[in-house]
>>> print(open('coords35.cif').read())   # mmCIF, C-alpha atoms
data_final
#
loop_
_atom_site.label_atom_id
_atom_site.label_comp_id
_atom_site.auth_asym_id
_atom_site.auth_seq_id
_atom_site.Cartn_x
_atom_site.Cartn_y
_atom_site.Cartn_z
CA MET R 974 18.85 20.17 5.65
CA ARG R 975 22.28 18.95 4.67
CA LEU R 976 23.88 16.19 2.66
CA PRO R 977 24.36 12.96 4.57
CA THR R 978 27.78 12.35 6.07
CA THR R 979 29.38 8.92 6.11
CA GLU R 980 27.75 8.23 9.50
CA ASP R 981 24.37 9.44 8.23
CA THR R 982 24.68 7.22 5.16
CA ARG R 983 25.49 4.20 7.32
CA ARG R 984 22.49 4.95 9.58
CA LEU R 985 20.15 5.33 6.56
CA LEU R 986 21.43 2.10 5.03
CA ASP R 987 21.04 0.21 8.32
CA GLN R 988 17.49 1.52 8.88
CA ASN R 989 16.40 0.65 5.36
CA GLU R 990 18.05 -2.76 5.45
CA ALA R 991 16.10 -3.52 8.64
CA ARG R 992 12.93 -2.62 6.70
CA GLY R 993 13.82 -4.94 3.80
CA PHE R 994 15.60 -2.55 1.42
CA PRO R 995 19.39 -2.94 1.68
CA GLY R 996 21.25 -0.20 -0.20
CA MET R 997 18.35 2.26 -0.27
CA LEU R 998 18.99 5.82 0.86
CA GLY R 999 15.43 7.11 0.67
CA SER R 1000 12.32 7.75 -1.39
CA LEU R 1001 12.45 10.27 -4.21
CA ASP R 1002 9.36 12.19 -5.29
CA CYS R 1003 8.14 15.54 -6.53
CA THR R 1004 5.19 17.73 -5.63
CA HIS R 1005 3.77 20.78 -7.37
CA TRP R 1006 3.35 24.08 -5.57
CA GLU R 1007 1.07 26.68 -7.10
CA TRP R 1008 2.71 30.07 -7.74
CA ARG R 1009 -0.20 32.44 -7.20
CA LEU R 1010 1.50 35.78 -7.88
CA CYS R 1011 3.79 34.61 -10.64
CA PRO R 1012 4.94 37.53 -12.85
CA THR R 1013 3.12 37.48 -16.18
CA GLU R 1014 6.33 37.22 -18.21
CA GLU R 1015 7.32 34.10 -16.21
CA ALA R 1016 3.91 32.40 -16.13
CA GLY R 1017 4.19 30.51 -19.42
CA ARG R 1018 7.48 28.91 -18.42
CA HIS R 1019 6.04 27.55 -15.17
CA VAL R 1020 2.89 25.87 -16.49
CA GLY R 1021 2.79 22.13 -16.93
CA HIS R 1022 0.03 19.58 -16.49
CA VAL R 1023 -1.38 21.62 -13.57
CA LYS R 1024 -2.41 24.48 -15.96
CA LYS R 1025 -1.50 27.15 -13.39
CA PRO R 1026 1.97 28.55 -12.76
CA ASN R 1027 3.70 26.25 -10.31
CA LEU R 1028 7.06 25.25 -8.95
CA VAL R 1029 8.09 21.62 -8.66
CA LEU R 1030 9.72 20.53 -5.40
CA GLN R 1031 11.87 17.40 -5.58
CA ALA R 1032 12.82 15.75 -2.30
CA VAL R 1033 14.57 12.67 -0.99
CA VAL R 1034 13.49 11.79 2.51
CA SER R 1035 14.22 9.08 5.01
CA TYR R 1036 11.64 7.16 7.00
CA ASP R 1037 12.05 9.50 9.97
CA ARG R 1038 11.10 12.53 7.78
CA TRP R 1039 14.61 13.84 7.26
CA PHE R 1040 14.86 15.90 4.07
CA TRP R 1041 18.43 15.45 2.98
CA HIS R 1042 17.91 16.43 -0.65
CA CYS R 1043 15.54 19.17 -1.72
CA TYR R 1044 15.45 20.95 -5.07
CA PHE R 1045 13.00 23.43 -6.56
CA GLY R 1046 12.78 23.14 -10.33
CA GLU R 1047 14.15 25.98 -12.38
CA THR R 1048 12.33 27.94 -15.05
CA GLY R 1049 10.89 25.61 -17.65
CA ALA R 1050 10.99 22.61 -15.30
CA ASP R 1051 7.27 21.99 -15.42
CA ASN R 1052 7.28 18.30 -14.60
CA ASP R 1053 9.01 15.71 -12.43
CA LEU R 1054 11.32 14.44 -15.19
CA ASN R 1055 12.63 17.90 -16.09
CA VAL R 1056 13.35 18.61 -12.43
CA PHE R 1057 15.08 15.25 -12.08
CA ALA R 1058 17.32 16.05 -15.07
CA GLN R 1059 18.25 19.46 -13.63
CA SER R 1060 18.77 18.48 -10.00
CA ARG R 1061 22.19 17.48 -8.78
CA LEU R 1062 21.06 14.38 -6.92
CA PHE R 1063 23.52 12.04 -8.63
CA ASP R 1064 26.40 14.53 -8.91
CA ARG R 1065 28.10 13.23 -5.75
CA ASN R 1066 28.16 9.73 -7.24
CA ASN R 1067 29.44 10.96 -10.59
CA ASP R 1068 32.20 12.98 -8.88
CA ALA R 1069 33.09 10.06 -6.56
CA LEU R 1070 32.30 12.18 -3.48
CA ALA R 1071 29.52 10.01 -2.09
CA PRO R 1072 30.21 7.93 1.01
CA PRO R 1073 30.75 4.23 0.29
CA CYS R 1074 27.63 2.14 -0.09
CA ASN R 1075 28.27 -1.59 -0.40
CA PHE R 1076 25.50 -4.14 -0.03
CA SER R 1077 24.50 -7.59 -1.22
CA ILE R 1078 21.17 -8.85 -2.56
CA ASN R 1079 20.71 -12.51 -3.51
CA GLY R 1080 24.47 -13.04 -3.68
CA HIS R 1081 25.13 -10.06 -5.97
CA GLU R 1082 27.40 -7.30 -4.66
CA TYR R 1083 26.45 -3.68 -5.36
CA GLU R 1084 28.46 -0.50 -4.77
CA HIS R 1085 25.94 2.29 -5.38
CA GLU R 1086 22.90 3.31 -3.39
CA TYR R 1087 19.44 3.62 -4.90
CA TYR R 1088 16.18 5.48 -4.35
CA LEU R 1089 12.60 4.23 -4.51
CA VAL R 1090 10.57 6.10 -7.14
CA ASP R 1091 7.11 5.98 -8.65
CA ASP R 1092 6.38 4.99 -12.23
CA ILE R 1093 6.90 8.44 -13.78
CA TYR R 1094 10.69 8.12 -13.72
CA ASN R 1095 12.57 6.40 -16.53
CA GLU R 1096 14.44 3.14 -16.04
CA MET R 1097 17.97 4.09 -15.04
CA PRO R 1098 20.67 3.11 -12.57
CA GLY R 1099 20.07 4.38 -9.06
CA VAL R 1100 16.27 4.24 -9.05
CA VAL R 1101 13.99 1.30 -8.29
CA HIS R 1102 10.41 1.03 -9.54
CA SER R 1103 7.67 -1.39 -8.67
CA TYR R 1104 6.86 -4.18 -11.12
CA LYS R 1105 4.50 -3.00 -13.86
CA ARG R 1106 3.24 -6.02 -15.79
CA ARG R 1107 0.29 -7.14 -13.72
CA GLU R 1108 -0.88 -10.01 -15.96
CA ILE R 1109 2.27 -12.14 -15.51
CA MET R 1110 3.29 -10.98 -12.06
CA LEU R 1111 4.59 -13.64 -9.74
CA LEU R 1112 3.72 -13.78 -6.07
CA VAL R 1113 7.20 -12.49 -5.16
CA HIS R 1114 6.65 -9.48 -7.48
CA LYS R 1115 3.32 -8.72 -5.83
CA LYS R 1116 4.93 -8.88 -2.40
CA PHE R 1117 7.76 -6.58 -3.55
CA ASN R 1118 5.20 -4.09 -4.92
CA GLU R 1119 3.40 -4.08 -1.56
CA TYR R 1120 6.66 -3.35 0.28
CA HIS R 1121 7.69 -0.79 -2.33
CA HIS R 1122 4.43 1.16 -2.09
CA ALA R 1123 4.41 0.97 1.72
CA LYS R 1124 7.98 2.30 1.89
CA ARG R 1125 7.24 5.09 -0.60
CA LYS R 1126 4.44 6.35 1.62
CA GLY R 1127 7.16 7.96 3.73
CA VAL R 1128 7.77 10.68 1.18
CA GLU R 1129 4.02 11.24 0.80
CA ARG R 1130 3.78 11.57 4.61
CA VAL R 1131 6.48 14.23 4.52
CA PHE R 1132 4.73 16.26 1.84
CA GLY R 1133 1.49 15.90 3.82
CA GLY R 1134 3.27 17.14 6.94
CA LEU R 1135 4.60 20.17 5.12
CA LYS R 1136 1.09 20.98 3.97
CA SER R 1137 -0.80 20.36 7.20
CA LYS R 1138 1.54 21.19 10.06
CA TRP R 1139 3.46 24.14 8.66
CA GLY R 1140 1.19 25.24 5.81
CA ILE R 1141 4.12 24.94 3.41
CA ILE R 1142 3.08 23.91 -0.10
CA ARG R 1143 -0.61 23.96 0.94
CA ASN R 1144 -0.96 27.66 0.20
CA PRO R 1145 0.19 29.23 -3.06
CA CYS R 1146 3.65 30.76 -2.95
CA ARG R 1147 4.06 34.47 -3.53
CA TYR R 1148 6.61 36.39 -5.53
#
>>> encode(input="coords35.cif", output="structure tokens")
Amino acid sequence: MRLPTTEDTRRLLDQNEARGFPGMLGSLDCTHWEWRLCPTEEAGRHVGHVKKPNLVLQAVVSYDRWFWHCYFGETGADNDLNVFAQSRLFDRNNDALAPPCNFSINGHEYEHEYYLVDDIYNEMPGVVHSYKRREIMLLVHKKFNEYHHAKRKGVERVFGGLKSKWGIIRNPCRY
């Protein structure tokens, strides 16, 4: 696992553009990993909606199952949003160290990459959600949601692979 180089970024952008998402670098998601032998004094700081001590793993993956960003939430990061706030995913952009990412959609020029996310993340630059308002959704919105959900299945496939093939995340972690 390593950060993408300029060549890697170009390859990711080309692959995702061929799949209908120009400017996308990958799918961002989190999964919870139960911490079975968590020390008692730490247990309360690692309990969220799961009700058992757990660690939250945040990952950005490409379609070919390349983890190029992975972050385990720190103490007190008991949900996806806390982990997102603590991770350094956007630090390269803020420090102007990210490789260039220029693309055009419907005649508008963009200079920053983005990630596909599910509905738990807040609206902010750099993340793209599916459309939420079902009652007034246009046909083009429905089609975008279908593509969005199909593309996001890549990150779910990766988490499934970690659980089934290598037993990572499937079994509780130990101290």
>>> closest_atom_pairs(input="coords35.cif", of="segment 1020-1067 of chain R", to="segment 977-995 of chain R", cutoff="12 Å", atoms="only C-alpha atoms", output="Markdown table")
| residue | atom | partner | partner_atom | distance |
| --- | --- | --- | --- | --- |
| R:Val1033 | CA | R:Pro977 | CA | 11.3 |
| R:Val1034 | CA | R:Leu985 | CA | 10.1 |
| R:Ser1035 | CA | R:Leu985 | CA | 7.2 |
| R:Tyr1036 | CA | R:Asn989 | CA | 8.2 |
| R:Asp1037 | CA | R:Gln988 | CA | 9.7 |
| R:Arg1038 | CA | R:Leu985 | CA | 11.6 |
| R:Trp1039 | CA | R:Pro977 | CA | 10.2 |
| R:Phe1040 | CA | R:Pro977 | CA | 10.0 |
| R:Trp1041 | CA | R:Pro977 | CA | 6.6 |
| R:His1042 | CA | R:Pro977 | CA | 9.0 |
| R:Arg1065 | CA | R:Pro977 | CA | 11.0 |
>>> write_last_selection(input="coords35.cif", atoms="C-alpha atoms", output="PDB file, keeping the file's coordinate frame")
ATOM      1  CA  VAL R1033      14.570  12.670  -0.990  1.00  0.00           C
ATOM      2  CA  VAL R1034      13.490  11.790   2.510  1.00  0.00           C
ATOM      3  CA  SER R1035      14.220   9.080   5.010  1.00  0.00           C
ATOM      4  CA  TYR R1036      11.640   7.160   7.000  1.00  0.00           C
ATOM      5  CA  ASP R1037      12.050   9.500   9.970  1.00  0.00           C
ATOM      6  CA  ARG R1038      11.100  12.530   7.780  1.00  0.00           C
ATOM      7  CA  TRP R1039      14.610  13.840   7.260  1.00  0.00           C
ATOM      8  CA  PHE R1040      14.860  15.900   4.070  1.00  0.00           C
ATOM      9  CA  TRP R1041      18.430  15.450   2.980  1.00  0.00           C
ATOM     10  CA  HIS R1042      17.910  16.430  -0.650  1.00  0.00           C
ATOM     11  CA  ARG R1065      28.100  13.230  -5.750  1.00  0.00           C
TER      12      ARG R1065
END
>>> closest_residue(input="coords35.cif", among="R:Val1090, R:His1019, R:Leu1010, R:Leu1028", to="Lys1126 of chain R", atoms="all atoms listed in the file")
R:Val1090
>>> closest_residue(input="coords35.cif", among="R:Glu1015, R:Asp1064, R:Asp1002, R:Glu1007", to="Cys1043 of chain R", atoms="all atoms listed in the file")
R:Asp1002
>>> resolve_selection(input="coords35.cif", expression="the PyMOL selection byres ((chain R and resi 1059-1062) around 8)", output="JSON list (two decimals) with C-alpha atoms, keeping the file's coordinate frame")
[["chain", "number", "residue", "atom", "x", "y", "z"],
["R", 1042, "HIS", "CA", 17.91, 16.43, -0.65],
["R", 1044, "TYR", "CA", 15.45, 20.95, -5.07],
["R", 1046, "GLY", "CA", 12.78, 23.14, -10.33],
["R", 1047, "GLU", "CA", 14.15, 25.98, -12.38],
["R", 1055, "ASN", "CA", 12.63, 17.90, -16.09],
["R", 1056, "VAL", "CA", 13.35, 18.61, -12.43],
["R", 1057, "PHE", "CA", 15.08, 15.25, -12.08],
["R", 1058, "ALA", "CA", 17.32, 16.05, -15.07],
["R", 1063, "PHE", "CA", 23.52, 12.04, -8.63],
["R", 1064, "ASP", "CA", 26.40, 14.53, -8.91],
["R", 1065, "ARG", "CA", 28.10, 13.23, -5.75]]
>>> residues_near_point(input="coords35.cif", point="(20.0, 4.4, -5.5)", cutoff="10 Å", atoms="only C-alpha atoms", output="PyMOL selection string")
chain R and resi 996-1001+1063+1066+1074+1084-1090+1097-1101
>>> atom_distance(input="coords35.cif", atom1="atom CA of Asn1079 of chain R", atom2="atom CA of Ile1093 of chain R")
27.1 Å
>>> residues_around(input="coords35.cif", residues="Lys1025 of chain R", least_positions_apart="5", cutoff="12 Å", atoms="all atoms listed in the file", output="PyMOL selection string")
chain R and resi 1005-1011+1013+1015-1020+1051+1145
>>> atom_distance(input="coords35.cif", atom1="atom CA of Lys1116 of chain R", atom2="atom CA of Val1128 of chain R")
20.1 Å
>>> resolve_selection(input="coords35.cif", expression="the PyMOL selection byres ((chain R and resi 1117) around 12)", output="list in words")
Gly993, Phe994, Leu1089, Val1101, His1102, Ser1103, Tyr1104, Lys1105, Met1110, Leu1111, Leu1112, Val1113, His1114, Lys1115, Lys1116, Asn1118, Glu1119, Tyr1120, His1121, His1122, Ala1123 and Lys1124 of chain R
>>> atom_distance(input="coords35.cif", atom1="atom CA of Thr1004 of chain R", atom2="atom CA of Phe1132 of chain R")
7.6 Å
>>> decode(input="coords35.cif", residues="segment 1020-1031 of chain R", atoms="N, CA and C atoms", output="PDB file, in the first residue's frame")
ATOM      1  N   VAL R1020     -16.455   2.234  21.592  1.00  0.00           N
ATOM      2  CA  VAL R1020     -17.801   1.711  21.396  1.00  0.00           C
ATOM      3  C   VAL R1020     -18.628   2.766  20.685  1.00  0.00           C
ATOM      4  N   GLY R1021     -19.252   2.375  19.604  1.00  0.00           N
ATOM      5  CA  GLY R1021     -20.125   3.270  18.864  1.00  0.00           C
ATOM      6  C   GLY R1021     -21.473   2.615  18.691  1.00  0.00           C
ATOM      7  N   HIS R1022     -22.003   2.634  17.483  1.00  0.00           N
ATOM      8  CA  HIS R1022     -23.313   2.038  17.239  1.00  0.00           C
ATOM      9  C   HIS R1022     -23.269   0.517  17.281  1.00  0.00           C
ATOM     10  N   VAL R1023     -22.058  -0.079  17.241  1.00  0.00           N
ATOM     11  CA  VAL R1023     -21.938  -1.528  17.240  1.00  0.00           C
ATOM     12  C   VAL R1023     -22.133  -2.108  18.641  1.00  0.00           C
ATOM     13  N   LYS R1024     -21.931  -1.321  19.680  1.00  0.00           N
ATOM     14  CA  LYS R1024     -22.127  -1.685  21.095  1.00  0.00           C
ATOM     15  C   LYS R1024     -21.064  -2.631  21.641  1.00  0.00           C
ATOM     16  N   LYS R1025     -20.047  -2.944  20.857  1.00  0.00           N
ATOM     17  CA  LYS R1025     -18.898  -3.705  21.317  1.00  0.00           C
ATOM     18  C   LYS R1025     -17.670  -2.893  20.943  1.00  0.00           C
ATOM     19  N   PRO R1026     -16.585  -3.029  21.683  1.00  0.00           N
ATOM     20  CA  PRO R1026     -15.375  -2.294  21.277  1.00  0.00           C
ATOM     21  C   PRO R1026     -14.990  -2.670  19.849  1.00  0.00           C
ATOM     22  N   ASN R1027     -14.712  -1.662  19.041  1.00  0.00           N
ATOM     23  CA  ASN R1027     -14.353  -1.909  17.655  1.00  0.00           C
ATOM     24  C   ASN R1027     -13.433  -0.828  17.144  1.00  0.00           C
ATOM     25  N   LEU R1028     -12.733  -1.149  16.086  1.00  0.00           N
ATOM     26  CA  LEU R1028     -11.918  -0.194  15.357  1.00  0.00           C
ATOM     27  C   LEU R1028     -12.599   0.055  14.024  1.00  0.00           C
ATOM     28  N   VAL R1029     -12.445   1.259  13.512  1.00  0.00           N
ATOM     29  CA  VAL R1029     -13.056   1.602  12.238  1.00  0.00           C
ATOM     30  C   VAL R1029     -11.943   1.715  11.200  1.00  0.00           C
ATOM     31  N   LEU R1030     -12.060   0.947  10.132  1.00  0.00           N
ATOM     32  CA  LEU R1030     -11.091   0.966   9.046  1.00  0.00           C
ATOM     33  C   LEU R1030     -11.673   1.773   7.893  1.00  0.00           C
ATOM     34  N   GLN R1031     -10.967   2.835   7.512  1.00  0.00           N
ATOM     35  CA  GLN R1031     -11.352   3.641   6.358  1.00  0.00           C
ATOM     36  C   GLN R1031     -10.434   3.261   5.205  1.00  0.00           C
TER      37      GLN R1031
END
